[in-house]
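Chemist: Next up is a structure, given as structure tokens.
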Amino acid sequence: MNEALAKHTKTNLLDLTPAAAHAQLARFFERSDEPAYRANQVLRRLWQAPVATFGDISELPKRLRESLADEFALPRLEIAARQKSTDGTEKFLFRLRDNEAIETVAIPEGDRITLCISSQAGCALQCAFCATGAMGFTRNLTAGEIAGQVREMRLLDPPIPVTNIVFMGMGEPLMNWNAVDPTLTILNDPNGLGIGARHITVSTVGILPGIVALGERPEQFRLAISIHAPNDSLRQELMPINTKYPLAEVIDAAKVFDRRVTFEYVMLGGVNDAEEHAIQLAKLARDCRAFVNLIPLHPGGARGFTPTSPKRIRAFARELRAHGVEVAVRKSRGVDIAAACGQLRVERLGRRPPRRPKHDGDIQVA
Ligand code: SF4
């Protein structure tokens with residue numbers, strides 16, 4: 001077999017759940033007449049105490065490290081840019097093997113560090129206020145590329161000890177369920193990254209089959225729904241996906257989701273921040289006992305929109321509370337760096353017109 005073909009057929013252990021990776025490793029070591037515990041030694045080095053290459057697994061004899069590297073792949077995500085805000089927020093631009101670029105943001109707050117991860121390169125959904133949507137969709141990320149963003153934080157010197165995960169980076173995670181499903185296992189499994197399910201939030205614009213699939217998982221993963229407009233006509237203008245999954249159906253799905261749901265609501269000056277919007281939003285939130293997060297628009301994040309003033313955001317929050325809804329106003333983090341969705345990538349690579357996906361079949365709905 002020539003070298004290129006051999007490389008091509010290597011199994012990427014990072015795309016597999018820990019159980020599946022362990023099974024592959026156990027077979028490999030059995031064939032090599034090595035003791036079974038070797039599989040656990042390598043498994044630990046995938047996610048829990050990760051190594052950059054198989055050659056760094058110092059507890060294995062050199063010949064075994066070499067034969068592992070011949071059989072399996074352990075791809076890294078290359079850091080193409082890294083920016084740190086004065087508030088501690090750090091933004092990473094990762095370059096993938098096919099030269100696509102994705103963003104990851106680490107947000108420290110108290111004793112937590114939340115990592116905002118990407119699930120697609122670009123996004124097909126074209127929400128009017130979103131820099132990623134303006135780029136168009138290129139492809140789905142693999143499980144190894146999604147969970148790999150957390151792995152890379154552990155490989156930094158010094159490492160960033162991530163405690164919480166939100167799927168709020170580039171892409172719509174529930175349009176990539178085939179990869180997000182095993183990713184959730186890798187993130188949560190004690191033999192993977194070991195992050196508690198309640199500390200992992202999947203954020204969606206309301207992809208109904210994906211919400212059902214997430215609800216069917218036994219773990220207590222959190223669901224956040226990007227509402228952003230409290231009625232169909234405004235939501236349709238801001239979020240074209242509303243035509244396929246209208247608000248009433250999204251709210252029905254949230255009602256039957258057996259865990260508490262959060263509504264995300266980005267505050268767009270003069271667009272969705274009037275008192276009548278607060279009243280409509282309060283009704284939706286009460287219908288499914290949702291907690292509402294009000295998100296100040298990042299100043300550079302959306303062409304054609306202006307942020308709602310802090311005073312108006314506070315008033316909007318008061319109006320929601322007066323209608324019996326629990327609400328928090330999110331701090332705008334990383335305002336001195338490009339920390340809005342898709343922004344760093346736009347700065348580095350330039351804007352490009354929305355384009356067709358490489359493969360239509362790349363868009364998967366569970
Ligand atoms: S807000 Fe999310 S779903 Fe909408 S275009 Fe941006 S990345 Fe896609």
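Naming scheme: A, B, ... for chains in displayed order of the structure tokens; residues 1 onward per chain; ligands 1 onward as shown.
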List the neighbours of Lys255 (chain A) out to 10 Å using only C-alpha atoms; skip same-chain residues closer than 5 positions along the sequence, and give me the result as an MDAnalysis selection string.

Modeler: chainID A and resid 249:250 260:261 285 287:290

Chemist: With C-alpha atoms retained, write the just-selected residues as an mmCIF file, in the first residue's frame.

Modeler:
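Final output, saved to selection.cif:
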data_model
loop_
_atom_site.group_PDB
_atom_site.id
_atom_site.type_symbol
_atom_site.label_atom_id
_atom_site.label_comp_id
_atom_site.auth_asym_id
_atom_site.auth_seq_id
_atom_site.Cartn_x
_atom_site.Cartn_y
_atom_site.Cartn_z
ATOM 1 C CA GLU A 249 -44.034 24.259 16.667
ATOM 2 C CA VAL A 250 -40.740 25.204 18.297
ATOM 3 C CA ARG A 260 -35.708 23.205 31.553
ATOM 4 C CA VAL A 261 -35.198 25.201 28.389
ATOM 5 C CA ALA A 285 -41.583 31.694 27.863
ATOM 6 C CA ASP A 287 -45.939 28.473 27.986
ATOM 7 C CA CYS A 288 -42.864 26.273 28.306
ATOM 8 C CA ARG A 289 -41.447 27.526 31.631
ATOM 9 C CA ALA A 290 -38.361 28.815 29.848
#

Chemist: List as a PyMOL selection string the protein and nucleic acid residues lying within 8 Å of ligand 1, with only C-alpha atoms and all ligand atoms counted.

Modeler: chain A and resi 122-134+168-172+204-205+226+239+341-342

Chemist: For Arg217 (chain A), please output as a compact mmCIF listing (two decimals) with C-alpha atoms, in the first residue's frame all residues within 10 Å (counting only C-alpha atoms; exclusion window: fewer than 5 positions along the same chain).

Modeler:
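File written: around04.txt
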# COMPACT_ATOMS: atom_id res chain seq x y z
CA ASP A 181 -24.56 12.96 18.92
CA LEU A 184 -21.95 14.77 23.32
CA THR A 185 -20.82 11.31 24.41
CA VAL A 212 -36.50 15.34 19.72

Chemist: Tell me which protein, DNA and RNA residues are within 12 Å of Asn293 (chain A), counting only C-alpha atoms, leaving out same-chain ones fewer than 2 positions away, and put them as number ranges by chain.

Modeler: A: 224-228, 261-267, 281-282, 285, 290-291, 295-296, 313, 316-317, 320, 325-332

Chemist: Can I get the selected residues back with N, CA and C atoms, as a JSON list (two decimals), in the first residue's frame?

Modeler:
[["chain", "number", "residue", "atom", "x", "y", "z"],
["A", 224, "ALA", "N", -30.84, 25.20, 24.69],
["A", 224, "ALA", "CA", -31.13, 26.63, 24.56],
["A", 224, "ALA", "C", -31.72, 26.85, 23.17],
["A", 225, "ILE", "N", -32.78, 27.62, 23.10],
["A", 225, "ILE", "CA", -33.40, 27.89, 21.80],
["A", 225, "ILE", "C", -33.24, 29.38, 21.49],
["A", 226, "SER", "N", -32.69, 29.65, 20.30],
["A", 226, "SER", "CA", -32.54, 31.03, 19.86],
["A", 226, "SER", "C", -33.89, 31.50, 19.34],
["A", 227, "ILE", "N", -34.57, 32.32, 20.12],
["A", 227, "ILE", "CA", -35.89, 32.79, 19.73],
["A", 227, "ILE", "C", -35.74, 34.09, 18.91],
["A", 228, "HIS", "N", -35.12, 35.08, 19.52],
["A", 228, "HIS", "CA", -34.75, 36.34, 18.85],
["A", 228, "HIS", "C", -35.90, 37.19, 18.31],
["A", 261, "VAL", "N", -35.71, 24.64, 29.63],
["A", 261, "VAL", "CA", -35.20, 25.20, 28.39],
["A", 261, "VAL", "C", -34.84, 26.67, 28.63],
["A", 262, "THR", "N", -33.81, 27.13, 27.94],
["A", 262, "THR", "CA", -33.46, 28.55, 27.98],
["A", 262, "THR", "C", -33.78, 29.17, 26.63],
["A", 263, "PHE", "N", -34.35, 30.36, 26.64],
["A", 263, "PHE", "CA", -34.52, 31.12, 25.40],
["A", 263, "PHE", "C", -33.38, 32.12, 25.28],
["A", 264, "GLU", "N", -32.76, 32.15, 24.11],
["A", 264, "GLU", "CA", -31.76, 33.18, 23.83],
["A", 264, "GLU", "C", -32.45, 34.27, 23.01],
["A", 265, "TYR", "N", -32.18, 35.51, 23.37],
["A", 265, "TYR", "CA", -32.87, 36.62, 22.69],
["A", 265, "TYR", "C", -31.88, 37.76, 22.53],
["A", 266, "VAL", "N", -31.40, 37.94, 21.29],
["A", 266, "VAL", "CA", -30.42, 39.00, 21.04],
["A", 266, "VAL", "C", -31.18, 40.32, 20.88],
["A", 267, "MET", "N", -30.71, 41.35, 21.54],
["A", 267, "MET", "CA", -31.44, 42.62, 21.57],
["A", 267, "MET", "C", -31.00, 43.51, 20.40],
["A", 281, "LEU", "N", -43.00, 37.80, 24.12],
["A", 281, "LEU", "CA", -41.94, 36.86, 24.52],
["A", 281, "LEU", "C", -42.28, 36.23, 25.88],
["A", 282, "ALA", "N", -42.81, 37.04, 26.79],
["A", 282, "ALA", "CA", -43.16, 36.53, 28.12],
["A", 282, "ALA", "C", -44.19, 35.40, 28.00],
["A", 285, "ALA", "N", -42.44, 32.25, 26.81],
["A", 285, "ALA", "CA", -41.58, 31.69, 27.86],
["A", 285, "ALA", "C", -42.42, 31.02, 28.95],
["A", 290, "ALA", "N", -39.74, 28.57, 30.29],
["A", 290, "ALA", "CA", -38.36, 28.82, 29.85],
["A", 290, "ALA", "C", -37.75, 29.98, 30.62],
["A", 291, "PHE", "N", -36.47, 29.88, 30.82],
["A", 291, "PHE", "CA", -35.66, 30.97, 31.36],
["A", 291, "PHE", "C", -35.20, 31.80, 30.17],
["A", 295, "ILE", "N", -29.42, 38.98, 25.27],
["A", 295, "ILE", "CA", -28.03, 39.09, 24.83],
["A", 295, "ILE", "C", -27.82, 40.45, 24.16],
["A", 296, "PRO", "N", -26.99, 41.30, 24.74],
["A", 296, "PRO", "CA", -26.67, 42.56, 24.05],
["A", 296, "PRO", "C", -25.98, 42.23, 22.72],
["A", 313, "ILE", "N", -32.49, 47.64, 27.54],
["A", 313, "ILE", "CA", -32.38, 46.21, 27.87],
["A", 313, "ILE", "C", -32.87, 45.97, 29.29],
["A", 316, "PHE", "N", -36.59, 46.14, 29.33],
["A", 316, "PHE", "CA", -37.15, 44.94, 28.70],
["A", 316, "PHE", "C", -37.15, 43.77, 29.69],
["A", 317, "ALA", "N", -36.03, 43.67, 30.42],
["A", 317, "ALA", "CA", -35.93, 42.60, 31.43],
["A", 317, "ALA", "C", -36.99, 42.80, 32.51],
["A", 320, "LEU", "N", -40.34, 41.66, 31.27],
["A", 320, "LEU", "CA", -40.47, 40.19, 31.29],
["A", 320, "LEU", "C", -40.75, 39.70, 32.72],
["A", 325, "VAL", "N", -41.65, 36.00, 34.24],
["A", 325, "VAL", "CA", -40.60, 35.23, 33.56],
["A", 325, "VAL", "C", -39.25, 35.47, 34.24],
["A", 326, "GLU", "N", -38.50, 34.38, 34.44],
["A", 326, "GLU", "CA", -37.14, 34.54, 34.96],
["A", 326, "GLU", "C", -36.22, 34.95, 33.83],
["A", 327, "VAL", "N", -35.39, 35.93, 34.08],
["A", 327, "VAL", "CA", -34.60, 36.50, 33.00],
["A", 327, "VAL", "C", -33.22, 36.92, 33.50],
["A", 328, "ALA", "N", -32.23, 36.80, 32.64],
["A", 328, "ALA", "CA", -30.89, 37.31, 32.94],
["A", 328, "ALA", "C", -30.41, 38.10, 31.74],
["A", 329, "VAL", "N", -29.63, 39.15, 32.02],
["A", 329, "VAL", "CA", -29.02, 39.90, 30.93],
["A", 329, "VAL", "C", -27.58, 39.45, 30.85],
["A", 330, "ARG", "N", -27.21, 38.87, 29.73],
["A", 330, "ARG", "CA", -25.83, 38.40, 29.57],
["A", 330, "ARG", "C", -24.89, 39.57, 29.41],
["A", 331, "LYS", "N", -23.72, 39.41, 29.98],
["A", 331, "LYS", "CA", -22.70, 40.44, 29.77],
["A", 331, "LYS", "C", -22.18, 40.30, 28.36],
["A", 332, "SER", "N", -21.86, 41.41, 27.74],
["A", 332, "SER", "CA", -21.23, 41.34, 26.43],
["A", 332, "SER", "C", -19.75, 41.10, 26.68]]

Chemist: Got a sec: who's within 12 Å of Arg112 (chain A), counting only C-alpha atoms, leaving out chain neighbours fewer than 2 positions off, as a compact mmCIF listing (two decimals) with C-alpha atoms, in the first residue's frame?

Modeler:
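The file below, around23.txt, is the result:
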# COMPACT_ATOMS: atom_id res chain seq x y z
CA ALA A 106 -13.15 30.61 26.06
CA ILE A 107 -15.09 32.74 28.54
CA PRO A 108 -13.93 32.79 32.17
CA GLU A 109 -16.44 33.78 34.83
CA GLY A 110 -15.85 33.20 38.53
CA THR A 114 -17.17 28.17 29.41
CA LEU A 115 -16.02 27.11 25.96
CA ILE A 160 -7.33 26.15 29.81
CA PRO A 161 -9.41 24.04 32.22
CA VAL A 162 -12.83 24.16 30.57
CA THR A 163 -15.76 23.48 32.93
CA ASN A 164 -18.77 24.24 30.70
CA ILE A 165 -19.58 23.85 27.03
CA HIS A 199 -22.72 21.81 32.07

Chemist: From the set A:Ala101, A:Ala179, A:Ala52, A:Ala253, which residue has the shortest atom-to-atom contact distance to Ala69 (chain A), counting only C-alpha atoms?

Modeler: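 Ranking A:Ala101, A:Ala179, A:Ala52, A:Ala253 by distance to Ala69 (chain A), first place goes to A:Ala52.
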
Chemist: Excluding Ile279 (chain A) and any residue of its chain fewer than 6 positions from it, enumerate the residues within 12 Å of it, using only C-alpha atoms, and give them as number ranges by chain.

Modeler: A: 229-231, 272-273, 285-286, 316-325

Chemist: Identify, on the basis of only C-alpha atoms, every residue whose closest approach to Leu156 (chain A) does not exceed 12 Å; exclude the query and any residue fewer than 2 positions from it along the same chain; express the result as a ChimeraX atom specification.

Modeler: /A:49-52,76-79,82,92,149-154,158-162

Chemist: As a PyMOL selection string, please: every residue in region 40-74 of chain A that a backbone DSSP assignment puts in alpha helix (DSSP H).

Modeler: chain A and resi 40-46+62-71

Chemist: With only C-alpha atoms as the atoms that count, which of A:Ile195, A:Ala143, A:Leu223, A:Ala248 lies nearest to Thr183 (chain A)?

Modeler: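 Under the stated criterion, the closest residue is A:Ala143.
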
Chemist: Restricting the calculation to only C-alpha atoms: of A:Ile186, A:Ala81, A:Ile57, A:Ala73, which residue gets closest to Arg45 (chain A)?

Modeler: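 Using only C-alpha atoms, the shortest distance to Arg45 (chain A) belongs to A:Ile57.
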
Chemist: Using only C-alpha atoms, can you tell me which of A:Leu68, A:Pro173, A:Arg31, A:Phe167 comes closest to Gly210 (chain A)?

Modeler: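 For Gly210 (chain A), the nearest of the given residues is A:Pro173.
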
Chemist: One number please: CA of Asn40 (chain A) to CA of Leu13 (chain A), in Å, one decimal.

Modeler: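 The value is 13.2 Å.
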